[in-house]
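Please read the structure below before turning to the comments.
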Amino acid sequence: MGTGMLVDGQWQTEAYQTDEKGGFKRNPTTFRDRVTADNSSGFKAEAHRYHLYVSYACPWAHRTLILRQLKGLEDAISLSVVDPYMGDKGWQFSEASGAIPDLLFNAEYLQEVYVKADSHYTGRVTVPILWDKQKNTIVNNESREIIRMFDHEFNAIAKHPEVDFCPQELKPQIEETMDAIYNPINNGVYRSGFAESQEAYDEAVTELFTQLDRWEKVLSQQRYLCGEVITEADWCMFTTLVRFDWVYYVHFKCNIRHIYEYPNLWNYLKDLYQQPGVKETCNFDHIKQHYYRSHPFINPSGIVPKGPEINFDEAHNRS
Ligand SMILES: N[C@@H](CCC(=O)N[C@@H](CS)C(=O)NCC(=O)O)C(=O)O
């Protein structure tokens with residue numbers, strides 16, 4: 001969460017929002033159009049038409065990077081990567097190692113991209129963003145919808161159209177699983193870390209670990225969340241788990257257990273990390289730099305801790 005947002009196209013500095021009990025509130029995103037293979041939405045899936053804005057730090061954006069990579073859409077969908085540090089004006093572009101500047105508008109801040117799409121935009125300035133270079137607007141800024149588009153709508157131009165992370169017969173189970181992990185786990189780490197009352201924190205962290213315990217059991221019976229094949233639900237789980245021991249455990253006080261203390265979740269996490277193409281989407285330096293430096297209300301010194309020593313390349317036991 002940044003410390004500001006756009007209101008009627010103007011940047012305003014304000015704290016993120018909490019409910020009356022000090023619980024962290026995540027607002028729904030507003031750009032919700034769809035790219036379609038058959039152009040039924042008016043946004044046709046075409047090579048070189050769309051641009052993806054991400055942060056390597058962000059678990060939601062990371063999902064879209066993974067699908068772009070595993071479907072083989074790197075050449076067809078261009079990319080910008082913001083600087084890991086998020087300051088008073090929100091996400092910014094820079095020449096930092098790993099960052100890729102805004103080659104479309106040469107913007108300094110990501111907020112400029114939102115204003116280009118809608119000069120009266122009111123809302124948070126978040127990544128990921130899927131931008132349409134033809135209509136000059138944001139198509140969508142909701143990761144779960146963007147990954148489904150990458151998975152199914154771009155097959156005519158994808159290098160790996162045969163890969164399908166949401167096969168028809170598993171779709172209901174995949175949706176149900178993504179719903180089930182969203183609030184307690186994906187958003188749960190944020191609810192824990194951004195809680196402004198003991199009560200809100202206690203509730204979030206307890207629910208988070210209850211659900212991690214539950215999936216630990218499920219993964220003792222099957223290799224992936226929805227059975228024996230990797231699905232979109234696994235990528236949604238992955239981007240939270242891969243940040244957990246380095247960031248969420250310390251910075252967001254999710255410290256009941258590390259992921260490496262869960263035999264099944266830990267081996268499952270290494271299994272996913274070692275799938276071809278996935279580690280190329282992980283930038284641990286950006287992940288650590290972003291969280292520890294961008295939330296002075298949690299970590300005023302901005303000091304980035306060194307540990308723990310964990311190795312995602314170590315052999316896993318999932319096959
Ligand atoms: N629902 C969105 C959430 C995206 C989101 O919250 N991204 C964070 C980074 S992890 C962000 O850009 N926050 C900036 C802010 O809220 O000011 C999605 O899944 O795409």
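Residue numbers start at 1 in each chain; chains themselves are named A, B, ... in the order of the structure tokens; ligands are numbered from 1 in the order shown.
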
DSSP strand (DSSP E) residues within segment 59-301 of chain A, as number ranges by chain: A: 78-81, 129-132, 137-140

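Inspection of the environment of ligand 1, which uses only C-alpha atoms and all ligand atoms and a cut-off of 7 Å, identifies the neighbouring residues as A:Met1, A:Gly2, A:Thr3, A:Gly4, A:Met5, A:Pro28, A:Thr29, A:Ala57, A:Cys58, A:Pro59, A:Trp60, A:Ala61, A:Gly90, A:Arg124, A:Val125, A:Thr126, A:Val127, A:Pro128, A:Asn141, A:Glu142, A:Ser143, A:Arg144.
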
Could you list, as a PyMOL selection string, every residue within 8 Å of Ala204 of chain A, counting only C-alpha atoms and ignoring same-chain residues fewer than 6 positions away? chain A and resi 184+188-189+191-192

Residues flagged helix (DSSP H, G or I) by DSSP in segment 110-319 of chain A, as number ranges by chain: A: 111-117, 143-152, 168-186, 188-193, 198-221, 232-251, 259-261, 263-273, 279-281, 284-294

From A:Val54, A:Ile66, A:Val115, A:Met86, residue lying nearest Asp8 of chain A [only C-alpha atoms]: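 Closest residue, counting only C-alpha atoms: A:Val115.
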
Which is closest to His120 of chain A among A:Tyr56, A:Phe244, A:Trp11, A:Trp235, if we use only C-alpha atoms? A:Trp11

Quick one: residues within 7 Å of Glu153 of chain A, only C-alpha atoms, excluding same-chain residues fewer than 4 positions away - as a list of chain:residue names?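 Close residues of Glu153 of chain A: A:Val35, A:Thr36, A:Ala37, A:Ala45, A:Met149.
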
Atom CA of Asp33 of chain A and atom CA of Asp19 of chain A are how many Å apart?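 These atoms are spaced 28.7 Å apart.
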
So which one's closest to Arg257 of chain A, A:Asp102, A:Asp213, A:Glu309, A:Asp234? Using only C-alpha atoms, please.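 Smallest distance to Arg257 of chain A is found for A:Asp213.
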
In Å, with one decimal, what is the gap from atom CA of Tyr109 of chain A to atom CA of Lys89 of chain A?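 Taking atom CA of Tyr109 of chain A and atom CA of Lys89 of chain A, their separation equals 7.2 Å.
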
Set the distance at 9 Å and use only C-alpha atoms: which residues neighbour Tyr201 of chain A once local chain neighbours fewer than 5 positions away are removed? I'd like the list as a ChimeraX atom specification. /A:22-23,191-196,206,253

Could you save those same residues with N, CA, C and O atoms as a compact mmCIF listing (two decimals), in the first residue's frame?
```txt
# COMPACT_ATOMS: atom_id res chain seq x y z
N GLY A 22 -9.90 -1.15 12.88
CA GLY A 22 -8.47 -1.10 12.58
C GLY A 22 -8.03 -2.16 11.60
O GLY A 22 -6.85 -2.42 11.43
N GLY A 23 -9.00 -2.78 10.95
CA GLY A 23 -8.66 -3.82 9.98
C GLY A 23 -8.36 -3.21 8.62
O GLY A 23 -8.98 -2.22 8.22
N ARG A 191 -3.52 -8.07 5.72
CA ARG A 191 -4.42 -7.78 6.85
C ARG A 191 -3.66 -7.91 8.16
O ARG A 191 -3.92 -7.18 9.12
N SER A 192 -2.74 -8.84 8.21
CA SER A 192 -1.92 -8.98 9.40
C SER A 192 -0.95 -7.79 9.52
O SER A 192 -0.89 -7.11 10.54
N GLY A 193 -0.22 -7.51 8.43
CA GLY A 193 0.82 -6.48 8.47
C GLY A 193 0.32 -5.06 8.59
O GLY A 193 0.97 -4.21 9.20
N PHE A 194 -0.83 -4.78 8.01
CA PHE A 194 -1.35 -3.41 8.03
C PHE A 194 -2.41 -3.19 9.10
O PHE A 194 -3.02 -2.13 9.16
N ALA A 195 -2.64 -4.18 9.95
CA ALA A 195 -3.63 -4.03 11.02
C ALA A 195 -3.22 -2.87 11.93
O ALA A 195 -2.03 -2.69 12.20
N GLU A 196 -4.22 -2.12 12.35
CA GLU A 196 -3.93 -0.99 13.24
C GLU A 196 -4.44 -1.24 14.65
O GLU A 196 -4.46 -0.33 15.47
N THR A 206 -4.33 -15.32 12.91
CA THR A 206 -4.87 -16.63 13.30
C THR A 206 -5.52 -17.30 12.11
O THR A 206 -5.28 -18.49 11.83
N LYS A 253 4.67 -9.46 10.51
CA LYS A 253 4.42 -10.17 11.78
C LYS A 253 3.65 -11.47 11.61
O LYS A 253 2.87 -11.88 12.48
```

Residues near His48 of chain A, anyone? I mean within 12 Å using only C-alpha atoms, not counting same-chain ones fewer than 3 positions away, as a list in words. Lys44, Ala45, His51, Leu52, Leu73, Glu74, Asp75, Ala76, Ile77, Ser78, Leu79, Trp131, Asp132, Lys133, Gln134, Phe154, Ile157 and Ala158 of chain A

Length of the atom CA of Leu110 of chain A to atom CA of Lys135 of chain A vector [Å]: 18.4 Å
